[in-house]
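Have a look at the structure below before the remarks.
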Amino acid sequence: QKAGIVSGLSANLFAPKGKMTTAQGVAMLVKAFDLNIAHMQFIKEPKASDYFTNIPDDAWYAQSFLYAHLNGVPLPKDVDPSQRMTKEQFAHYLFHAMTAKGDYAFIEMFVMIKDEKDITKEYMNSIQKLILGKMTELDDGYFHPKNEITRSEAARMLHAAVEFAKNHEPVPKQPVEQPNIALTVTKVNDDVNKVTLSWGERPNPGYGISVTNIEFRDDGLAVISYALREPEPGKFYPQVITEAKVDTYIASSYKPVLNNPN
């Protein structure tokens, strides 16, 4: 609270036992770890609606969701900002916010959790790391992953994570190699062109590419945003070389250009 990270519902009310919405939780994480986009470059100014279906660009929390997403916090595209956060969700987003600027070294061991079967599989690594780093603890061996997290529980976990980050030197993240996306234009008729985005040949059909947005600008450019899909962990795919590509159609009066999502 002194650092301006945690605030009350009003000037005199913190409501420690109150539940935390996803909007409140994401805003808290972005502020705590100073997630921003000052180090990134974009063809056009990014907006929350470019990446989320339920986040209005004029909402008070829109910038927080945008900054969190662009710094690697794995928020679903259809995330509901008004939904109350579970303990496992907050833990997962907290871990990714903390490691947005670098990875930390943790003891290589697996903590036994009595209600492990109730934990969403993709959240397990984050929860394990928070326990090993003493940023959260078990309740007689239980984590209670599906419980709605209270404001005081979130504040305690966040405080511990901020202290952990202060006292441990992260390994800076290496720059991510930008994917080589080919753009080709094929005339359909005098008014329409087919634009194909190709990620090249991939080892299985689990890889894919999709068009997420097209901005038609006054300068005659059609700025195409795209998203890449990688194979889901643990899912079986036939080992067949497949070209990851997608087609879209635009008016021939516009020149298509790519907007790299990263």
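Simple scheme: letters A, B, ... for chains in structure tokens order, numbers from 1 for residues in each chain, numbers from 1 for ligands in the order shown.
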Any idea what's packed within 10 Å of A:Ile37, counting only C-alpha atoms, ignoring anything in its chain fewer than 3 positions away? Could you give it as a PyMOL selection string? chain A and resi 34+40-42+46+66-68+70-71
Within 10 Å of stretch 187-198 of chain A, counting only C-alpha atoms, which residues show up once you throw out same-chain ones fewer than 6 positions away? Write them as a list in words, please.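 Contacts, with the query itself left out: Asn180, Ile181, Gly208, Ile209, Ser210, Val211, Ile224, Tyr226, Glu243, Ala244, Lys245, Val246, Asp247, Thr248, Tyr249, Ile250, Ala251, Ser252, Ser253, Tyr254, Lys255, Pro256, Val257 and Leu258 of chain A.
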Would you save the residues of that selection, restricted to N, CA, C and O atoms, as a CSV table (one decimal), in the first residue's frame?
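Just written: again.csv:
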```csv
chain,number,residue,atom,x,y,z
A,180,ASN,N,9.7,-15.7,-39.5
A,180,ASN,CA,9.8,-15.2,-40.9
A,180,ASN,C,8.4,-15.5,-41.6
A,180,ASN,O,8.2,-16.6,-42.0
A,181,ILE,N,7.6,-14.5,-41.6
A,181,ILE,CA,6.3,-14.6,-42.2
A,181,ILE,C,6.3,-14.1,-43.6
A,181,ILE,O,6.6,-12.9,-43.8
A,208,GLY,N,0.1,-23.2,-36.6
A,208,GLY,CA,-0.8,-22.5,-37.4
A,208,GLY,C,-0.7,-21.0,-37.3
A,208,GLY,O,0.1,-20.5,-36.5
A,209,ILE,N,-1.3,-20.3,-38.2
A,209,ILE,CA,-1.3,-18.8,-38.2
A,209,ILE,C,-2.7,-18.3,-38.5
A,209,ILE,O,-3.4,-19.0,-39.3
A,210,SER,N,-3.1,-17.2,-37.9
A,210,SER,CA,-4.4,-16.7,-38.2
A,210,SER,C,-4.4,-15.2,-38.2
A,210,SER,O,-3.5,-14.6,-37.6
A,211,VAL,N,-5.3,-14.6,-38.9
A,211,VAL,CA,-5.3,-13.1,-39.0
A,211,VAL,C,-6.2,-12.6,-37.9
A,211,VAL,O,-7.4,-13.1,-37.7
A,224,ILE,N,-2.0,-5.7,-41.4
A,224,ILE,CA,-2.5,-7.0,-41.0
A,224,ILE,C,-1.8,-7.5,-39.8
A,224,ILE,O,-0.6,-7.7,-39.8
A,226,TYR,N,-1.5,-10.6,-37.0
A,226,TYR,CA,-1.6,-12.0,-37.0
A,226,TYR,C,-1.2,-12.7,-35.7
A,226,TYR,O,-0.5,-12.0,-34.9
A,243,GLU,N,2.3,-26.9,-44.3
A,243,GLU,CA,2.5,-25.4,-44.4
A,243,GLU,C,1.5,-24.7,-43.6
A,243,GLU,O,0.3,-24.8,-43.8
A,244,ALA,N,2.0,-23.9,-42.7
A,244,ALA,CA,1.1,-23.0,-41.8
A,244,ALA,C,0.8,-21.7,-42.6
A,244,ALA,O,1.7,-20.9,-42.7
A,245,LYS,N,-0.4,-21.6,-43.1
A,245,LYS,CA,-0.7,-20.4,-43.8
A,245,LYS,C,-2.2,-20.0,-43.7
A,245,LYS,O,-3.0,-20.9,-43.2
A,246,VAL,N,-2.5,-18.8,-44.0
A,246,VAL,CA,-3.9,-18.3,-43.9
A,246,VAL,C,-4.1,-17.3,-45.0
A,246,VAL,O,-3.2,-16.6,-45.4
A,247,ASP,N,-5.3,-17.3,-45.6
A,247,ASP,CA,-5.7,-16.4,-46.6
A,247,ASP,C,-6.7,-15.4,-46.1
A,247,ASP,O,-7.5,-15.7,-45.2
A,248,THR,N,-6.6,-14.2,-46.6
A,248,THR,CA,-7.6,-13.1,-46.3
A,248,THR,C,-7.8,-12.3,-47.6
A,248,THR,O,-6.9,-12.4,-48.5
A,249,TYR,N,-8.8,-11.5,-47.6
A,249,TYR,CA,-9.1,-10.8,-48.9
A,249,TYR,C,-9.3,-9.3,-48.6
A,249,TYR,O,-9.9,-8.9,-47.6
A,250,ILE,N,-8.7,-8.5,-49.4
A,250,ILE,CA,-8.8,-7.0,-49.2
A,250,ILE,C,-9.0,-6.3,-50.5
A,250,ILE,O,-8.7,-6.9,-51.6
A,251,ALA,N,-9.5,-5.1,-50.5
A,251,ALA,CA,-9.7,-4.3,-51.7
A,251,ALA,C,-8.3,-4.1,-52.4
A,251,ALA,O,-7.3,-3.8,-51.7
A,252,SER,N,-8.3,-4.1,-53.7
A,252,SER,CA,-7.1,-4.0,-54.4
A,252,SER,C,-6.5,-2.5,-54.3
A,252,SER,O,-5.4,-2.3,-54.7
A,253,SER,N,-7.3,-1.6,-53.8
A,253,SER,CA,-6.9,-0.2,-53.6
A,253,SER,C,-5.9,-0.1,-52.4
A,253,SER,O,-5.3,1.0,-52.2
A,254,TYR,N,-5.8,-1.1,-51.6
A,254,TYR,CA,-4.9,-1.1,-50.4
A,254,TYR,C,-3.7,-1.9,-50.6
A,254,TYR,O,-3.7,-3.0,-51.3
A,255,LYS,N,-2.6,-1.5,-50.0
A,255,LYS,CA,-1.4,-2.2,-50.0
A,255,LYS,C,-1.2,-3.0,-48.7
A,255,LYS,O,-1.1,-2.3,-47.6
A,256,PRO,N,-1.2,-4.3,-48.7
A,256,PRO,CA,-1.1,-5.0,-47.4
A,256,PRO,C,0.4,-5.0,-46.9
A,256,PRO,O,1.3,-5.2,-47.6
A,257,VAL,N,0.5,-4.8,-45.5
A,257,VAL,CA,1.7,-4.9,-44.8
A,257,VAL,C,1.5,-5.6,-43.5
A,257,VAL,O,0.3,-5.6,-43.0
A,258,LEU,N,2.5,-6.2,-43.0
A,258,LEU,CA,2.4,-7.0,-41.7
A,258,LEU,C,2.6,-6.2,-40.5
A,258,LEU,O,3.5,-5.3,-40.5
```
Hey, can you check how far atom CA of A:Ser152 sits from atom CA of A:Gln89? 15.5 Å
By how many Å are atom CA of A:Phe95 and atom CA of A:Leu130 apart? 7.1 Å
To one decimal in Å, tell me the separation between atom CA of A:Ala227 and atom CA of A:Tyr51.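 Computing it gives 9.6 Å between the two atoms.
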Filtered DSSP result for stretch 67-201 of chain A, state helix (DSSP H, G or I), as a PyMOL selection string: chain A and resi 67-70+87-98+116-118+121-132+151-167
Just want the 10 Å neighbourhood of A:Ile119, counted on only C-alpha atoms, with same-chain residues fewer than 4 positions away dropped. Output as a PyMOL selection string. chain A and resi 87-89+113+115+123-124+127+143-146
Atoms kept (N, CA and C atoms) for selection, written as a PDB file, in the first residue's frame:
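Wrote it out as again19.pdb, contents follow:
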```pdb
ATOM      1  N   LYS A  87      -7.558 -18.615  -6.838  1.00  0.00           N
ATOM      2  CA  LYS A  87      -6.204 -18.570  -6.298  1.00  0.00           C
ATOM      3  C   LYS A  87      -5.194 -19.062  -7.323  1.00  0.00           C
ATOM      4  N   GLU A  88      -5.541 -20.103  -8.087  1.00  0.00           N
ATOM      5  CA  GLU A  88      -4.605 -20.631  -9.082  1.00  0.00           C
ATOM      6  C   GLU A  88      -4.413 -19.660 -10.240  1.00  0.00           C
ATOM      7  N   GLN A  89      -5.461 -18.956 -10.631  1.00  0.00           N
ATOM      8  CA  GLN A  89      -5.325 -17.970 -11.704  1.00  0.00           C
ATOM      9  C   GLN A  89      -4.392 -16.843 -11.280  1.00  0.00           C
ATOM     10  N   ILE A 113       1.316 -31.711  -3.402  1.00  0.00           N
ATOM     11  CA  ILE A 113       0.136 -30.931  -3.040  1.00  0.00           C
ATOM     12  C   ILE A 113      -1.052 -31.889  -2.954  1.00  0.00           C
ATOM     13  N   ASP A 115      -4.248 -31.509  -3.019  1.00  0.00           N
ATOM     14  CA  ASP A 115      -5.334 -31.319  -3.984  1.00  0.00           C
ATOM     15  C   ASP A 115      -4.779 -31.015  -5.387  1.00  0.00           C
ATOM     16  N   TYR A 123      -1.255 -24.386 -14.971  1.00  0.00           N
ATOM     17  CA  TYR A 123      -0.902 -23.499 -13.862  1.00  0.00           C
ATOM     18  C   TYR A 123       0.100 -24.128 -12.898  1.00  0.00           C
ATOM     19  N   MET A 124       0.314 -25.443 -13.008  1.00  0.00           N
ATOM     20  CA  MET A 124       1.086 -26.163 -12.003  1.00  0.00           C
ATOM     21  C   MET A 124       2.511 -25.635 -11.849  1.00  0.00           C
ATOM     22  N   ILE A 127       2.590 -22.397  -9.841  1.00  0.00           N
ATOM     23  CA  ILE A 127       2.291 -22.631  -8.429  1.00  0.00           C
ATOM     24  C   ILE A 127       3.476 -23.283  -7.722  1.00  0.00           C
ATOM     25  N   PHE A 143      -3.647 -26.519  -1.487  1.00  0.00           N
ATOM     26  CA  PHE A 143      -3.483 -25.199  -2.098  1.00  0.00           C
ATOM     27  C   PHE A 143      -4.828 -24.497  -2.292  1.00  0.00           C
ATOM     28  N   HIS A 144      -5.899 -25.240  -2.402  1.00  0.00           N
ATOM     29  CA  HIS A 144      -7.241 -24.694  -2.646  1.00  0.00           C
ATOM     30  C   HIS A 144      -7.275 -23.868  -3.932  1.00  0.00           C
ATOM     31  N   PRO A 145      -6.898 -24.469  -5.055  1.00  0.00           N
ATOM     32  CA  PRO A 145      -6.736 -23.713  -6.308  1.00  0.00           C
ATOM     33  C   PRO A 145      -8.001 -23.045  -6.840  1.00  0.00           C
ATOM     34  N   LYS A 146      -9.160 -23.657  -6.605  1.00  0.00           N
ATOM     35  CA  LYS A 146     -10.393 -23.126  -7.182  1.00  0.00           C
ATOM     36  C   LYS A 146     -11.091 -22.108  -6.274  1.00  0.00           C
TER      37      LYS A 146
END
```
When you count only C-alpha atoms, which of these residues is closest to A:Phe106: A:Pro16, A:Pro56, A:Pro81, A:Pro170?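 Ranked by minimum distance to A:Phe106, first place goes to A:Pro170.
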Which one is closest to A:Lys47: A:Ser64, A:Leu158, A:Pro76, A:Thr186? Count only C-alpha atoms.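 The closest residue to A:Lys47 is A:Ser64.
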Could you check the closest approach to A:Asn213 for each of A:Ser225, A:Thr184, A:Phe236, A:Lys166 and tell me which residue wins, using only C-alpha atoms?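 Smallest separation from A:Asn213 among the options: A:Ser225.
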Pick the closest to A:Asn147 from A:Phe110, A:Phe164, A:Phe90, A:Phe65: which is it, counting only C-alpha atoms?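 Smallest distance to A:Asn147 is found for A:Phe90.
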